[in-house]
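A.B. asks: Handing you this structure, nothing more for now.
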Amino acid sequence: MLPKSFPDRNVCVLGLGYVGLTLAVAMADAGFQVHGVEVRGEVLDKLARGIPHFHEPGLTEKLRHVVARDRFSFGRTPEGCERCSVFIITVGTPLGADGQVRTDMIEAATRQVADCIHDGDLVILRSTVKLGTTRNIVAPILRATGKRFDIAFCPERTLEGQALIELNQLPQIIGAESVEVAARAAQIFGMLTPTTVKVSTLETAEMIKLVDNTYRDVTFAFANEIARLCNAMEVSALEVSRAGKLGYPRTQLPLPGPVGGPCLEKDPHILIESARQFGVDMDITAAGRRINESQPIEVSVFLEQLTGSMQGFPKAPTISLMGLAFKGRPATDDLRGTMAKPLYDELRTRFPNARWRGFDAVVAPDDIRGFGLEPAGSMAEAVDGANLAVILNNHPVFTSMPLPDLASRMDRPGVIYDFWNNFNSREVDLPEGTAYVALGSHGAARFAHVA
């Protein structure tokens, strides 16, 4: 627990999204006095009832705990931050319609900080940003106040679904221009996690965040490129991945699958945009993003061709999309950047008369309805009478699903398409008139599908 003599015990967190709310609650739980600033009224209304606006294991209980102990308050403005000596900016940095990273929310939050900052306060930027944002955008706004301040960049590093655990376990990167400021920021985060890693510049810390997510994106893109080759042959990407790395530590090819979410869909683009400032083209990064972004089109074309070759497949099929959140492990209800959306858009152009259903183990029915789908209460309900069922994320419910039973509920002919290879397509035994097809096994499917 935070010592009573700790100098930076009063903290203001600007932005109570996935990053800001988990951080604010974790800091309050560690003993900090935290005030959160959030402009969305619906978020504040839920918080007032002790309810987070997103799914995160353990967050509801900790939120209610710290509110009950008067360690966490929240509102639309920094009123309540008068005693704060630390300001942490966690607002979003989405891409604009032109594909360029937006900084307007960071600028607005920084101006809020500038209005109430005192001499000697510490400002920490935690949002994922274009290289140089801390130095060239945030610092000048603060400097215009004439106040003395410390500034650091300390990126968020947690996985949704494990945020509260990882805030207390993962090393925290600390980027600052001086040893004194780095030590101050490290002391704060040291109250949460046992390890802090101090780097020499603000830009180094900014780049680490972008590199972390881009590395994952490129790795998944290579797996999806291998799946392309497997699709063109009678070869299973599942077998290539599993057999190739069994007992062999130098190849760790992940399974192919959709790559999206609020970070991986945009952070490589931010890195590419950043690099152009210095005359560097990130060719591998760009190629990886193109591969991952083209997957919905490629799979939709395949499904149109496959079902078109199946005698009796209706002109107005029932299609069920299952697993709408951008990922299933760890579980989340986050629909930001989900690849279910571009796939749905592509399928609608190819099956314009279809009836659409949606199922997700975590996403609320109203959000599924807002997605444009009729919510199904279970997988069985989702596939009942369906002609095509598409598994879009890797939630554990799909690993353990009773595939033959679900297939028996489908209309004939029926296809279950699995982006996540939950089963070996060569080994499944389904009722006559139904087929199971997995990403990376399209070539085998051409021989296995029902006619």
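The way I read the labels, and the way they are meant: chains A, B, ... in the order of the structure tokens, residue 1 as the first residue of every chain, and ligand 1 as the first ligand shown, with later ones counted on from there.
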I'd like the neighbourhood of Ser425 of chain A as a VMD selection string, where a residue qualifies if any of its atoms comes within 12 Å (using only C-alpha atoms), though same-chain residues fewer than 3 positions away should be ignored.
C.D. replies: chain A and resid 234 to 239 403 416 to 422 428 to 430 435 to 449
A.B. asks: Can I get the selection written as an mmCIF file, in the first residue's frame, with C-alpha atoms?
C.D. replies:
```
data_model
loop_
_atom_site.group_PDB
_atom_site.id
_atom_site.type_symbol
_atom_site.label_atom_id
_atom_site.label_comp_id
_atom_site.auth_asym_id
_atom_site.auth_seq_id
_atom_site.Cartn_x
_atom_site.Cartn_y
_atom_site.Cartn_z
ATOM 1 C CA GLU A 234 -4.279 -29.556 -50.382
ATOM 2 C CA VAL A 235 -2.252 -28.703 -47.266
ATOM 3 C CA SER A 236 -3.451 -27.800 -43.766
ATOM 4 C CA ALA A 237 -2.082 -24.634 -42.145
ATOM 5 C CA LEU A 238 -3.017 -26.153 -38.790
ATOM 6 C CA GLU A 239 -0.751 -29.120 -39.435
ATOM 7 C CA LEU A 403 -19.397 -29.681 -33.801
ATOM 8 C CA ILE A 416 -19.232 -24.104 -40.931
ATOM 9 C CA TYR A 417 -16.252 -21.868 -41.715
ATOM 10 C CA ASP A 418 -13.669 -21.572 -38.932
ATOM 11 C CA PHE A 419 -11.078 -18.786 -39.013
ATOM 12 C CA TRP A 420 -9.329 -20.315 -35.961
ATOM 13 C CA ASN A 421 -8.854 -23.999 -36.837
ATOM 14 C CA ASN A 422 -10.579 -25.253 -33.698
ATOM 15 C CA VAL A 428 -14.170 -34.124 -38.465
ATOM 16 C CA ASP A 429 -17.127 -36.448 -39.073
ATOM 17 C CA LEU A 430 -20.236 -34.392 -39.787
ATOM 18 C CA ALA A 435 -19.058 -29.382 -44.255
ATOM 19 C CA TYR A 436 -16.413 -27.904 -41.950
ATOM 20 C CA VAL A 437 -13.809 -25.645 -43.573
ATOM 21 C CA ALA A 438 -10.946 -23.906 -41.775
ATOM 22 C CA LEU A 439 -8.692 -21.026 -42.779
ATOM 23 C CA GLY A 440 -5.580 -22.468 -44.382
ATOM 24 C CA SER A 441 -7.376 -25.599 -45.620
ATOM 25 C CA HIS A 442 -9.369 -24.282 -48.564
ATOM 26 C CA GLY A 443 -7.673 -26.658 -50.970
ATOM 27 C CA ALA A 444 -8.871 -29.688 -49.020
ATOM 28 C CA ALA A 445 -12.321 -28.139 -48.758
ATOM 29 C CA ARG A 446 -12.722 -28.148 -52.500
ATOM 30 C CA PHE A 447 -12.642 -31.922 -52.341
ATOM 31 C CA ALA A 448 -14.512 -32.341 -49.056
ATOM 32 C CA HIS A 449 -17.481 -30.066 -49.578
#
```
A.B. asks: So which bits of segment 142-298 of chain A end up strand (DSSP E or B) when you DSSP the backbone, as a PyMOL selection string?
C.D. replies: chain A and resi 149-153+172-175+196-199
A.B. asks: Just the selected residues (N, CA and C atoms), exported as a PDB file, in the first residue's frame, please.
C.D. replies:
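Contents of result_5.pdb, freshly written:
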```
ATOM      1  N   PHE A 149       7.349  22.142 -15.458  1.00  0.00           N
ATOM      2  CA  PHE A 149       6.710  20.821 -15.380  1.00  0.00           C
ATOM      3  C   PHE A 149       7.707  19.746 -15.775  1.00  0.00           C
ATOM      4  N   ASP A 150       7.444  18.528 -15.333  1.00  0.00           N
ATOM      5  CA  ASP A 150       8.171  17.348 -15.791  1.00  0.00           C
ATOM      6  C   ASP A 150       7.272  16.601 -16.777  1.00  0.00           C
ATOM      7  N   ILE A 151       7.875  15.920 -17.744  1.00  0.00           N
ATOM      8  CA  ILE A 151       7.090  15.189 -18.735  1.00  0.00           C
ATOM      9  C   ILE A 151       7.739  13.852 -19.019  1.00  0.00           C
ATOM     10  N   ALA A 152       6.905  12.830 -19.205  1.00  0.00           N
ATOM     11  CA  ALA A 152       7.396  11.479 -19.487  1.00  0.00           C
ATOM     12  C   ALA A 152       6.417  10.779 -20.416  1.00  0.00           C
ATOM     13  N   PHE A 153       6.920   9.789 -21.132  1.00  0.00           N
ATOM     14  CA  PHE A 153       6.059   8.901 -21.922  1.00  0.00           C
ATOM     15  C   PHE A 153       6.200   7.500 -21.354  1.00  0.00           C
ATOM     16  N   GLN A 172       7.239  -1.803 -16.728  1.00  0.00           N
ATOM     17  CA  GLN A 172       6.723  -0.548 -17.261  1.00  0.00           C
ATOM     18  C   GLN A 172       7.856   0.244 -17.891  1.00  0.00           C
ATOM     19  N   ILE A 173       7.692   0.605 -19.160  1.00  0.00           N
ATOM     20  CA  ILE A 173       8.671   1.429 -19.863  1.00  0.00           C
ATOM     21  C   ILE A 173       8.533   2.882 -19.401  1.00  0.00           C
ATOM     22  N   ILE A 174       9.655   3.506 -19.091  1.00  0.00           N
ATOM     23  CA  ILE A 174       9.680   4.902 -18.656  1.00  0.00           C
ATOM     24  C   ILE A 174      10.560   5.690 -19.609  1.00  0.00           C
ATOM     25  N   GLY A 175       9.970   6.615 -20.362  1.00  0.00           N
ATOM     26  CA  GLY A 175      10.745   7.469 -21.251  1.00  0.00           C
ATOM     27  C   GLY A 175      10.755   8.898 -20.739  1.00  0.00           C
ATOM     28  N   THR A 196      10.479  -1.564 -13.525  1.00  0.00           N
ATOM     29  CA  THR A 196      10.379  -0.453 -14.464  1.00  0.00           C
ATOM     30  C   THR A 196      11.645  -0.420 -15.306  1.00  0.00           C
ATOM     31  N   VAL A 197      11.489  -0.052 -16.557  1.00  0.00           N
ATOM     32  CA  VAL A 197      12.610  -0.009 -17.499  1.00  0.00           C
ATOM     33  C   VAL A 197      12.750   1.417 -18.001  1.00  0.00           C
ATOM     34  N   LYS A 198      13.796   2.096 -17.572  1.00  0.00           N
ATOM     35  CA  LYS A 198      14.011   3.486 -17.960  1.00  0.00           C
ATOM     36  C   LYS A 198      14.824   3.551 -19.253  1.00  0.00           C
ATOM     37  N   VAL A 199      14.298   4.288 -20.241  1.00  0.00           N
ATOM     38  CA  VAL A 199      15.003   4.471 -21.509  1.00  0.00           C
ATOM     39  C   VAL A 199      15.394   5.937 -21.652  1.00  0.00           C
TER      40      VAL A 199
END
```
A.B. asks: Per DSSP on the backbone, what are the alpha helix (DSSP H) residues of segment 40-263 of chain A, as an MDAnalysis selection string?
C.D. replies: chainID A and resid 41:48 59:68 104:116 133 139:143 163:167 179:189 202:232 237:245 261:263
A.B. asks: List the neighbours of Ala28 of chain A out to 9 Å using only C-alpha atoms; skip same-chain residues closer than 6 positions along the sequence, and give me the result as a ChimeraX atom specification.
C.D. replies: /A:34,63,66-67,71-72
A.B. asks: Write out as a ChimeraX atom specification each polymer residue whose atoms come within 10 Å of segment 101-118 of chain A, counting only C-alpha atoms; drop sequence neighbours fewer than 3 positions from it.
C.D. replies: /A:12-15,37-38,77-79,81-98,121-123,125,127,129-130,133-134,137-149,266-267,269-271,273-274
A.B. asks: Just to confirm, what's the straight-line distance from atom CA of Gly433 of chain A to atom CA of Met233 of chain A in Å (one decimal)?
C.D. replies: 23.6 Å
A.B. asks: If you measure from atom CA of Phe74 of chain A to atom CA of Leu16 of chain A, what distance in Å do you get, rounded to one decimal?
C.D. replies: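 Atom CA of Phe74 of chain A sits 9.0 Å away from atom CA of Leu16 of chain A.
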A.B. asks: Hey, what's within 7 Å of His395 of chain A if we count only C-alpha atoms and toss same-chain stuff fewer than 3 positions away? As number ranges by chain, please?
C.D. replies: A: 328-329, 331, 398
A.B. asks: For Thr434 of chain A, please output as a VMD selection string all residues within 10 Å (counting only C-alpha atoms; exclusion window: fewer than 2 positions along the same chain).
C.D. replies: chain A and resid 387 to 388 404 407 to 416 429 to 432 436 448 to 451
A.B. asks: Report, in Å with one decimal, the straight-line distance from atom CA of Leu373 of chain A to atom CA of Ser300 of chain A.
C.D. replies: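 Between these atoms lies a distance of 17.4 Å.
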A.B. asks: Residues of segment 110-201 of chain A that have any atom at most 10 Å from an atom of segment 3-9 of chain A: could you tabulate them with the shortest-distance atom pair and the distance in Å to one decimal, using only C-alpha atoms, ordered by chain and increasing number, as CSV?
C.D. replies:
```
residue,atom,partner,partner_atom,distance
A:Asp121,CA,A:Asp8,CA,9.0
A:Leu122,CA,A:Asp8,CA,8.9
A:Arg184,CA,A:Asp8,CA,8.8
A:Ala185,CA,A:Asp8,CA,9.5
A:Gln187,CA,A:Asp8,CA,9.2
A:Ile188,CA,A:Asp8,CA,7.3
A:Met191,CA,A:Pro3,CA,9.7
```
A.B. asks: Include C-alpha atoms and write out the residues we just selected as a JSON list (two decimals), in the first residue's frame.
C.D. replies:
```
[["chain", "number", "residue", "atom", "x", "y", "z"],
["A", 121, "ASP", "CA", 3.80, 18.82, -11.70],
["A", 122, "LEU", "CA", 4.48, 15.67, -13.71],
["A", 184, "ARG", "CA", 10.04, 10.16, -10.43],
["A", 185, "ALA", "CA", 7.85, 8.35, -12.96],
["A", 187, "GLN", "CA", 8.72, 5.57, -8.44],
["A", 188, "ILE", "CA", 5.03, 6.07, -9.25],
["A", 191, "MET", "CA", 3.89, 1.13, -6.66]]
```
A.B. asks: Excluding Ala30 of chain A and residues on its chain fewer than 3 positions from it, collect all residues at most 8 Å away from it, counting only C-alpha atoms, and give them as a PyMOL selection string.
C.D. replies: chain A and resi 1-2+26-27+191-192
A.B. asks: Those residues with N, CA and C atoms, as an mmCIF file, in the first residue's frame please?
C.D. replies:
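Result file selection_0.cif:
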```cif
data_model
loop_
_atom_site.group_PDB
_atom_site.id
_atom_site.type_symbol
_atom_site.label_atom_id
_atom_site.label_comp_id
_atom_site.auth_asym_id
_atom_site.auth_seq_id
_atom_site.Cartn_x
_atom_site.Cartn_y
_atom_site.Cartn_z
ATOM 1 N N MET A 1 0.841 -1.196 0.000
ATOM 2 C CA MET A 1 0.000 0.000 0.000
ATOM 3 C C MET A 1 0.878 1.249 0.000
ATOM 4 N N LEU A 2 0.404 2.289 -0.652
ATOM 5 C CA LEU A 2 1.157 3.527 -0.802
ATOM 6 C C LEU A 2 1.437 4.175 0.555
ATOM 7 N N ALA A 26 -6.541 0.582 -10.790
ATOM 8 C CA ALA A 26 -5.368 -0.104 -10.226
ATOM 9 C C ALA A 26 -4.575 0.836 -9.327
ATOM 10 N N MET A 27 -4.427 2.099 -9.731
ATOM 11 C CA MET A 27 -3.688 3.049 -8.904
ATOM 12 C C MET A 27 -4.451 3.365 -7.617
ATOM 13 N N MET A 191 4.914 1.487 -7.642
ATOM 14 C CA MET A 191 3.892 1.133 -6.658
ATOM 15 C C MET A 191 2.878 0.137 -7.223
ATOM 16 N N LEU A 192 2.941 -0.069 -8.554
ATOM 17 C CA LEU A 192 2.049 -1.028 -9.196
ATOM 18 C C LEU A 192 2.765 -2.309 -9.589
#
```
A.B. asks: Find the residue from A:Thr349, A:Asn10, A:Thr307, A:Thr128 that sits nearest to Glu203 of chain A; use only C-alpha atoms when measuring.
C.D. replies: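 Checking each candidate against Glu203 of chain A, we get A:Thr128 as the closest.
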